[in-house]
Structures are given as C-alpha cells and as structure tokens.
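Below is the file protein07.cif, which contains mmCIF, C-alpha atoms and all ligand atoms.
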data_start
#
loop_
_atom_site.label_atom_id
_atom_site.label_comp_id
_atom_site.auth_asym_id
_atom_site.auth_seq_id
_atom_site.Cartn_x
_atom_site.Cartn_y
_atom_site.Cartn_z
CA MET X 217 23.52 14.33 -9.25
CA THR X 218 24.50 13.61 -12.89
CA PRO X 219 28.25 13.00 -13.15
CA ALA X 220 30.27 15.67 -14.99
CA LYS X 221 30.81 14.95 -18.67
CA VAL X 222 34.33 14.07 -19.74
CA SER X 223 35.39 15.97 -22.83
CA LEU X 224 38.37 15.89 -25.17
CA VAL X 225 39.46 18.78 -27.42
CA THR X 226 42.28 18.56 -29.97
CA GLY X 227 43.95 21.66 -31.37
CA ALA X 228 43.27 23.34 -28.03
CA ALA X 229 46.42 25.51 -27.82
CA GLY X 230 44.50 28.46 -29.27
CA GLY X 231 41.70 29.60 -31.53
CA ILE X 232 38.56 27.49 -31.90
CA GLY X 233 39.88 24.58 -29.81
CA ARG X 234 40.78 26.84 -26.87
CA ALA X 235 37.41 28.62 -27.00
CA THR X 236 35.57 25.28 -27.07
CA ALA X 237 37.59 23.80 -24.20
CA ILE X 238 36.69 26.88 -22.15
CA ARG X 239 33.00 26.54 -23.16
CA PHE X 240 32.96 22.84 -22.20
CA ALA X 241 34.49 23.65 -18.80
CA GLN X 242 31.96 26.44 -18.26
CA ALA X 243 29.25 23.82 -18.87
CA GLY X 244 30.74 21.78 -16.02
CA ALA X 245 32.63 19.23 -18.13
CA LYS X 246 36.08 17.88 -17.28
CA VAL X 247 38.38 18.71 -20.18
CA MET X 248 41.40 16.93 -21.66
CA ILE X 249 43.11 19.36 -24.02
CA ALA X 250 45.61 18.22 -26.65
CA ASP X 251 47.90 19.89 -29.17
CA LEU X 252 51.43 19.82 -30.61
CA ASN X 253 51.98 23.21 -28.97
CA GLY X 254 52.61 22.64 -25.26
CA GLU X 255 53.02 26.32 -24.41
CA GLY X 256 49.63 27.19 -25.87
CA LEU X 257 48.05 24.25 -24.03
CA THR X 258 49.43 25.53 -20.74
CA GLU X 259 47.85 28.93 -21.42
CA THR X 260 44.50 27.31 -22.22
CA ALA X 261 44.71 25.17 -19.07
CA ALA X 262 45.45 28.28 -16.99
CA LEU X 263 42.40 30.06 -18.40
CA ILE X 264 40.18 27.10 -17.53
CA SER X 265 41.68 26.63 -14.06
CA ALA X 266 41.27 30.35 -13.32
CA GLU X 267 37.51 29.85 -13.76
CA GLY X 268 37.56 26.80 -11.48
CA GLY X 269 37.42 24.24 -14.30
CA ASP X 270 38.84 20.70 -14.23
CA VAL X 271 41.47 20.37 -16.98
CA GLN X 272 44.36 18.11 -18.00
CA GLN X 273 46.71 18.64 -20.94
CA HIS X 274 48.55 16.31 -23.30
CA VAL X 275 51.07 17.17 -26.01
CA CYS X 276 50.76 14.93 -29.08
CA ASP X 277 50.66 14.76 -32.86
CA VAL X 278 47.12 13.70 -33.78
CA SER X 279 48.18 12.71 -37.30
CA SER X 280 50.08 9.72 -35.85
CA GLU X 281 48.60 6.49 -34.54
CA GLU X 282 50.97 6.52 -31.54
CA GLY X 283 50.12 10.14 -30.77
CA VAL X 284 46.40 9.41 -30.70
CA ALA X 285 46.84 6.19 -28.71
CA GLY X 286 48.82 8.14 -26.09
CA LEU X 287 46.16 10.84 -25.94
CA MET X 288 43.34 8.35 -25.41
CA GLN X 289 45.30 6.53 -22.70
CA ALA X 290 46.07 9.83 -20.95
CA THR X 291 42.36 10.71 -21.04
CA LEU X 292 41.34 7.34 -19.64
CA ASP X 293 44.03 7.57 -16.94
CA ALA X 294 42.83 11.05 -15.92
CA TYR X 295 39.07 10.74 -16.24
CA GLY X 296 38.14 7.10 -16.99
CA THR X 297 36.03 7.66 -20.11
CA ILE X 298 35.10 10.13 -22.90
CA ASP X 299 31.59 11.57 -23.34
CA TRP X 300 32.26 14.48 -25.72
CA ALA X 301 35.07 14.63 -28.28
CA PHE X 302 35.91 17.65 -30.42
CA ASN X 303 38.38 16.58 -33.13
CA ASN X 304 39.55 19.98 -34.26
CA ALA X 305 43.33 20.15 -34.80
CA GLY X 306 44.21 21.30 -38.29
CA ILE X 307 46.61 23.18 -40.55
CA ILE X 308 45.93 25.38 -43.54
CA GLY X 309 48.86 23.97 -45.56
CA PRO X 310 50.25 25.66 -48.66
CA LEU X 311 48.15 28.41 -50.24
CA LYS X 312 48.37 26.72 -53.62
CA GLY X 313 46.03 25.19 -56.14
CA ILE X 314 46.04 21.45 -56.84
CA ALA X 315 48.45 21.60 -59.81
CA ASP X 316 51.10 23.46 -57.78
CA THR X 317 50.83 21.38 -54.58
CA THR X 318 53.58 18.79 -54.09
CA ILE X 319 52.76 15.21 -53.10
CA GLU X 320 54.49 15.76 -49.73
CA GLU X 321 52.45 18.91 -49.07
CA PHE X 322 49.22 17.16 -50.04
CA ASP X 323 49.95 14.12 -47.85
CA ARG X 324 50.81 16.29 -44.80
CA VAL X 325 47.59 18.31 -44.98
CA ILE X 326 45.51 15.16 -45.42
CA ALA X 327 47.33 13.49 -42.51
CA VAL X 328 46.79 16.37 -40.08
CA ASN X 329 43.27 17.39 -41.15
CA LEU X 330 41.69 14.07 -42.17
CA ARG X 331 43.71 11.04 -41.03
CA SER X 332 43.68 12.57 -37.52
CA ILE X 333 39.87 12.55 -37.55
CA PHE X 334 39.88 8.90 -38.66
CA LEU X 335 42.40 7.95 -35.94
CA CYS X 336 40.65 9.94 -33.20
CA MET X 337 37.18 8.66 -34.08
CA LYS X 338 38.40 5.04 -34.23
CA ALA X 339 39.82 5.38 -30.72
CA GLU X 340 36.89 7.38 -29.33
CA LEU X 341 34.33 4.93 -30.71
CA ALA X 342 36.19 2.06 -29.03
CA ILE X 343 35.55 3.87 -25.72
CA MET X 344 32.04 5.24 -26.40
CA GLY X 345 30.74 2.07 -28.10
CA PRO X 346 30.62 -0.05 -24.92
CA ASN X 347 29.12 2.97 -23.05
CA GLY X 348 26.27 3.15 -25.60
CA SER X 349 26.51 6.94 -25.52
CA GLY X 350 28.73 9.80 -26.58
CA SER X 351 28.96 12.75 -28.90
CA ILE X 352 31.70 13.53 -31.42
CA VAL X 353 32.13 16.77 -33.37
CA ASN X 354 34.71 17.10 -36.15
CA THR X 355 35.97 20.40 -37.55
CA SER X 356 35.31 20.71 -41.25
CA SER X 357 35.06 24.13 -42.94
CA GLU X 358 32.93 26.38 -45.05
CA THR X 359 35.33 25.36 -47.84
CA ALA X 360 33.78 21.86 -47.73
CA LEU X 361 30.58 23.23 -49.23
CA LYS X 362 31.88 24.16 -52.65
CA GLY X 363 34.86 24.57 -54.96
CA ASN X 364 37.22 27.24 -53.83
CA ALA X 365 39.99 29.51 -55.12
CA GLY X 366 41.98 28.98 -51.89
CA PRO X 367 44.32 26.21 -50.72
CA GLY X 368 43.62 23.02 -52.68
CA ALA X 369 44.79 20.30 -50.28
CA TYR X 370 42.98 22.01 -47.40
CA THR X 371 39.70 22.18 -49.32
CA VAL X 372 40.01 18.49 -50.20
CA SER X 373 40.74 17.56 -46.56
CA LYS X 374 37.71 19.44 -45.26
CA HIS X 375 35.40 17.80 -47.84
CA GLY X 376 36.83 14.52 -46.47
CA VAL X 377 35.94 15.50 -42.90
CA LYS X 378 32.34 16.08 -43.98
CA GLY X 379 32.32 12.66 -45.68
CA ILE X 380 33.81 10.67 -42.79
CA THR X 381 31.44 12.42 -40.37
CA GLU X 382 28.35 11.49 -42.37
CA HIS X 383 29.51 7.90 -42.88
CA ALA X 384 30.35 7.31 -39.23
CA ALA X 385 27.23 9.15 -38.02
CA TYR X 386 24.96 6.80 -39.96
CA GLU X 387 26.92 3.74 -38.84
CA TRP X 388 26.91 4.67 -35.12
CA ALA X 389 23.48 6.24 -34.66
CA PRO X 390 21.89 2.88 -33.70
CA SER X 391 24.53 2.52 -30.94
CA GLY X 392 23.52 5.79 -29.24
CA ILE X 393 26.53 7.78 -30.43
CA ARG X 394 25.96 11.07 -32.23
CA ILE X 395 28.56 12.33 -34.70
CA ASN X 396 28.37 15.77 -36.29
CA ALA X 397 30.68 18.38 -37.82
CA VAL X 398 31.08 22.12 -37.65
CA ALA X 399 31.90 24.30 -40.65
CA PRO X 400 33.41 27.60 -39.54
CA GLY X 401 33.48 30.51 -41.98
CA ALA X 402 36.17 33.22 -41.72
CA ILE X 403 37.12 33.15 -38.04
CA VAL X 404 39.71 35.26 -36.23
CA THR X 405 42.24 32.76 -34.84
CA PRO X 406 46.03 32.29 -34.84
CA MET X 407 45.63 30.31 -38.11
CA THR X 408 44.07 33.19 -40.03
CA LEU X 409 45.98 35.97 -38.24
CA GLY X 410 49.15 34.32 -39.54
CA MET X 411 48.00 34.67 -43.16
CA ARG X 412 48.90 38.12 -44.47
CA ALA X 413 46.87 37.68 -47.64
CA ILE X 414 43.74 36.96 -45.58
CA LYS X 415 44.32 39.69 -43.00
CA GLU X 416 44.52 42.38 -45.64
CA ARG X 417 41.31 41.37 -47.41
CA PRO X 418 37.82 42.42 -46.26
CA SER X 419 35.81 39.62 -44.68
CA PRO X 420 34.23 37.33 -47.31
CA GLN X 421 31.24 36.89 -44.98
CA PRO X 422 28.25 38.94 -46.19
CA ASN X 423 27.62 40.14 -42.63
CA GLY X 424 30.75 42.24 -43.12
CA ARG X 425 32.89 40.87 -40.29
CA ARG X 426 34.95 37.81 -39.39
CA GLY X 427 33.56 35.40 -36.82
CA GLU X 428 34.90 34.85 -33.31
CA ALA X 429 36.18 31.50 -32.03
CA SER X 430 33.64 31.70 -29.20
CA GLU X 431 30.82 31.66 -31.79
CA ILE X 432 32.07 28.31 -33.10
CA ALA X 433 32.52 27.02 -29.54
CA GLU X 434 28.87 27.74 -28.79
CA GLY X 435 27.77 25.61 -31.78
CA VAL X 436 30.09 22.75 -30.84
CA TYR X 437 28.83 22.79 -27.26
CA TRP X 438 25.24 22.72 -28.50
CA LEU X 439 25.98 19.75 -30.80
CA CYS X 440 27.47 17.85 -27.84
CA SER X 441 24.70 18.74 -25.42
CA ASP X 442 21.44 16.87 -24.93
CA ALA X 443 19.63 19.82 -26.55
CA ALA X 444 20.90 18.36 -29.86
CA SER X 445 19.91 14.76 -29.05
CA ASN X 446 18.09 14.35 -32.39
CA VAL X 447 20.91 15.92 -34.45
CA ILE X 448 23.06 13.32 -36.24
CA GLY X 449 25.38 13.60 -39.26
CA HIS X 450 24.79 17.35 -39.47
CA LEU X 451 27.29 19.91 -40.77
CA LEU X 452 26.63 23.00 -38.67
CA VAL X 453 27.65 25.98 -40.80
CA ILE X 454 28.63 29.05 -38.75
CA ASP X 455 29.85 31.47 -41.39
CA GLY X 456 27.94 34.76 -41.32
CA GLY X 457 26.13 33.72 -44.51
CA TRP X 458 29.32 33.12 -46.56
CA ALA X 459 27.97 29.87 -48.03
CA LEU X 460 25.14 31.85 -49.63
CA ALA X 461 27.57 33.81 -51.80
N1 LIG G 1 39.95 30.08 -38.53
C1 LIG G 1 39.16 29.84 -39.54
O1 LIG G 1 38.74 30.76 -40.28
C2 LIG G 1 38.72 28.42 -39.84
C3 LIG G 1 37.74 28.23 -40.81
C4 LIG G 1 37.32 26.94 -41.10
C5 LIG G 1 37.87 25.86 -40.42
N2 LIG G 1 38.84 26.09 -39.48
C6 LIG G 1 39.38 24.91 -38.80
O2 LIG G 1 39.28 25.07 -37.41
C7 LIG G 1 40.24 24.25 -36.75
C8 LIG G 1 40.93 25.07 -35.69
O3 LIG G 1 41.70 26.08 -36.33
P1 LIG G 1 41.90 27.55 -35.75
O4 LIG G 1 41.36 28.47 -36.77
O5 LIG G 1 41.44 27.60 -34.37
O6 LIG G 1 43.49 27.70 -35.87
P2 LIG G 1 44.66 27.40 -34.84
O7 LIG G 1 45.89 27.36 -35.68
O8 LIG G 1 44.60 28.33 -33.70
O9 LIG G 1 44.30 25.94 -34.27
C9 LIG G 1 44.76 24.74 -34.82
C10 LIG G 1 45.52 24.00 -33.72
O10 LIG G 1 45.83 22.69 -34.19
C11 LIG G 1 47.13 22.38 -33.70
N3 LIG G 1 47.72 21.33 -34.52
C12 LIG G 1 48.15 21.43 -35.81
N4 LIG G 1 48.65 20.25 -36.21
C13 LIG G 1 48.55 19.38 -35.17
C14 LIG G 1 48.89 18.02 -34.98
N5 LIG G 1 49.46 17.30 -35.97
N6 LIG G 1 48.63 17.45 -33.78
C15 LIG G 1 48.09 18.17 -32.77
N7 LIG G 1 47.72 19.48 -32.90
C16 LIG G 1 47.96 20.07 -34.09
C17 LIG G 1 47.89 23.68 -33.78
O11 LIG G 1 49.06 23.68 -32.96
C18 LIG G 1 46.85 24.70 -33.36
O12 LIG G 1 46.89 24.96 -31.96
C19 LIG G 1 41.16 23.72 -37.85
O13 LIG G 1 40.80 22.38 -38.17
C20 LIG G 1 40.87 24.65 -39.01
O14 LIG G 1 41.12 24.04 -40.26
C21 LIG G 1 39.28 27.34 -39.18
#
How would this structure read if it were set down as structure tokens?
Amino acid sequence: MTPAKVSLVTGAAGGIGRATAIRFAQAGAKVMIADLNGEGLTETAALISAEGGDVQQHVCDVSSEEGVAGLMQATLDAYGTIDWAFNNAGIIGPLKGIADTTIEEFDRVIAVNLRSIFLCMKAELAIMGPNGSGSIVNTSSETALKGNAGPGAYTVSKHGVKGITEHAAYEWAPSGIRINAVAPGAIVTPMTLGMRAIKERPSPQPNGRRGEASEIAEGVYWLCSDAASNVIGHLLVIDGGWALA
C-alpha cells in the first residue's frame, strides 16, 4: 500500500486554506494546518477529524523566520516529512493605491504575502530536496495577471508570488519537485466578506457569481496530485473568466 501523503497548509483557519486542508484529508493525506488564528485552526481540525481525517495544528506567523522554522519542525515531529505544501496565508492590506500606501503598510503586506512564500519554500525544499519528490503550490491571485485599481501593495505581492513560483519551479524541476501557483478570482471567504466595498459590488467575474473556496481547493489538490505530474511553473487561474475582462 502507498503511504499516505503528508501535507502542509498555511492560512488554514478559514477560507481557501480550510477548504484545501479538508480536500487533502478527503484524498487520504495527513494534514498539518497552520495559521495565526488558533481558534479558526481548531475549527478546521474539528471538521477534518469529524470526517476521520488525520490532522495536526500549529499556530505561527509565517512572515517570520522563527515562525516558519517552528512550523516545519512541528510537521517533521508529527509526520516525519512533507510531500505536499500549500503556501496560502495572506492579507489584503490597505485598500489604497501605491502613492497613498505607507512604507510600513507596504512592508507588512510584502512580508505576509511574499516573504512567507520565500521562507516556507526554502524550508520545504530543504525537506523535499533529499526526498527527490514533492509538490508545492503557492497562492497568487487574479490580480497578478494585470494592473489593477484595487490595493496596490497586495497586487505587487501577488505578482511577486507568480515570479518566485516560476523561478523556483524551473530551478527544482530537475530534482523531481513540482512548484506551481493558483490564482483565485473573486472568492467568498472571510477575507472578502470582511470588505464592505467588495460585498456591495456585483461580482467582477463574467460568469456573474463569486467563486467558492472549495473550487480553489479542487485545483490545488489537482496540482499536488500525480494527475498533474507534467505541470510545472503553472499559474492555475480559477476566476470565472475574470482575467478575460
Ligand atoms: N478570497 C479571494 O477572493 C482571493 C482572491 C485571490 C487570492 N486570494 C488569496 O487566497 C489566500 C487565502 O485567502 P482567503 O481568501 O481564504 O482569506 P482568509 O482571510 O480566510 O485566509 C487567510 C488566512 O491567512 C491567515 N494569516 C494571515 N496572516 C498570517 C500570518 N502572518 N501567519 C499565518 N497566517 C496568517 C489568516 O489568519 C487567515 O486565516 C490569500 O493568500 C489571499 O490573498 C484570495
């Protein structure tokens, strides 16, 4: 029997991370879930356990080197390795253009959305490299595909996620490690439900609705699975056709 995959999901206290952790567990994977929000993590863990899944949780700040080191150690202590990693934690940051964004605001968004991906991938590759196998998916955004009237620092950070994914994917493909990214469109999650301006507007997606977190989870699971074994450095856009606008 093939051993169960060991997976890691950051930003798993709700939204896209929670949906993906549940999808991974439904596929038979063991799941380490991480977030700053311990209460949300406990809810996610309960949902997975209720379906008979194998889950562990770890509270940490993925923008800090110590936070990521602690998360990787906790994963190794619990499960011994990492096969699938979904680096997904993120914040929207201030809803301001570049000229109005302060240096502190810019640095925080870049730290949470981009430096975290750098830190997590560095640590994950140190584990997957010697294994000669593994799959990493990073959360970018539909906003990484073009200029945007929305939050400036966020848009910059998500372009950066696309860039670091493509660079690392090319570098690590010969070692048997696949790295891809997902670009969600307008998805119903705690992040967007908290934004009054977004809630009151009709969906920007031409299919006339907002996407569900489970629809992103399905794409992330596919990217991690062997069905996507020839997919490397890809940005999987799941946005109801928004990018075509
Ligand atoms: N919802 C959308 O429409 C949409 C669209 C494109 C991209 N995204 C991206 O999807 C990802 C998931 O977002 P979501 O929509 O599920 O929202 P969400 O707010 O439910 O999820 C983000 C999670 O990240 C966690 N987090 C934030 N900072 C952290 C830190 N420093 N360390 C650890 N955890 C931290 C939060 O506590 C939260 O649980 C984010 O990267 C977001 O930018 C979302």
Exercise for review: Counting only C-alpha atoms and all ligand atoms, name the residues that have an atom within 8 Å of an atom of ligand LIG 1 (chain G); the answer should be given as a PyMOL selection string.
Suggested key: chain X and resi 226-234+250-253+256+275-280+304-308+327-329+332+355-359+370+374+399-408+427+429
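One finds CA of Gly376 (chain X) at 13.0 Å from CA of Val398 (chain X).
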Exercise for review: Using all atoms listed in the file, pick whichever of X:Glu382, X:Glu428, X:Glu340, X:Glu259 has the shortest atom-to-atom distance to Asp299 (chain X).
Suggested key: X:Glu340
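Closest to Pro310 (chain X) among X:Met248, X:Ile448, X:Ala261, X:Ala369 is X:Ala369, based on all atoms listed in the file.
Take CA of Ile380 (chain X) and CA of Leu439 (chain X): the distance between them is 17.0 Å.
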Check your understanding: Mind pulling up the distance from CA of Ile249 (chain X) to CA of Val225 (chain X)?
Key ->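 Spanning CA of Val225 (chain X) to CA of Ile249 (chain X) is a straight-line distance of 5.0 Å.
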Point to revise | Distance query Thr371 (chain X) at most 8 Å, all atoms listed in the file, self and fewer than 5 positions along chain excluded, as a PyMOL selection string | key: chain X and resi 359-360+363-364+366
Check your understanding: With all atoms listed in the file as the atoms that count, which of X:Ile314, X:Val222, X:Ala235, X:Cys336 lies nearest to Val284 (chain X)?
Key ->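 Comparing X:Ile314, X:Val222, X:Ala235, X:Cys336 against Val284 (chain X), the winner is X:Cys336.
Close contacts of Val436 (chain X), defined as residues with an atom at most 8 Å away when counting all atoms listed in the file, with chain neighbours fewer than 4 positions off set aside, comprise X:Thr236, X:Phe302, X:Val353, X:Val398, X:Ile432, X:Cys440.
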Check your understanding: Contacts of region 341-344 of chain X at 12 Å or less, counting only C-alpha atoms, minus same-chain residues fewer than 2 places along, as a ChimeraX atom specification?
Key -> /X:222-223,285,288-289,291-292,296-301,333-339,346-352,384-385,387-389,391-395
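Checking X:Asn396, X:Gly313, X:Trp458, X:Asp323 one by one against Ala365 (chain X), counting all atoms listed in the file, you find the shortest gap at X:Gly313.
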Review point. For Lys246 (chain X), which residue among X:Gly286, X:Pro390, X:Gly268, X:Gly456 is the nearest when counting only C-alpha atoms?
Key: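 Among X:Gly286, X:Pro390, X:Gly268, X:Gly456, it is X:Gly268 that comes nearest to Lys246 (chain X).
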Once 4 Å is added on each side, what centre and edge lengths in Å to one decimal does the axis-aligned box around all listed atoms of region 267-273 of chain X have, as JSON?
{"center_x": 42.1, "center_y": 24.0, "center_z": -16.2, "size_x": 17.3, "size_y": 19.7, "size_z": 17.5}
Point to revise | Nearest to Ala241 (chain X), chosen from X:Gly269, X:Pro219, X:Gly449, X:Gly424, with all atoms listed in the file counted in the distances | key: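 Once distances to Ala241 (chain X) are computed over all atoms listed in the file, the minimum belongs to X:Gly269.
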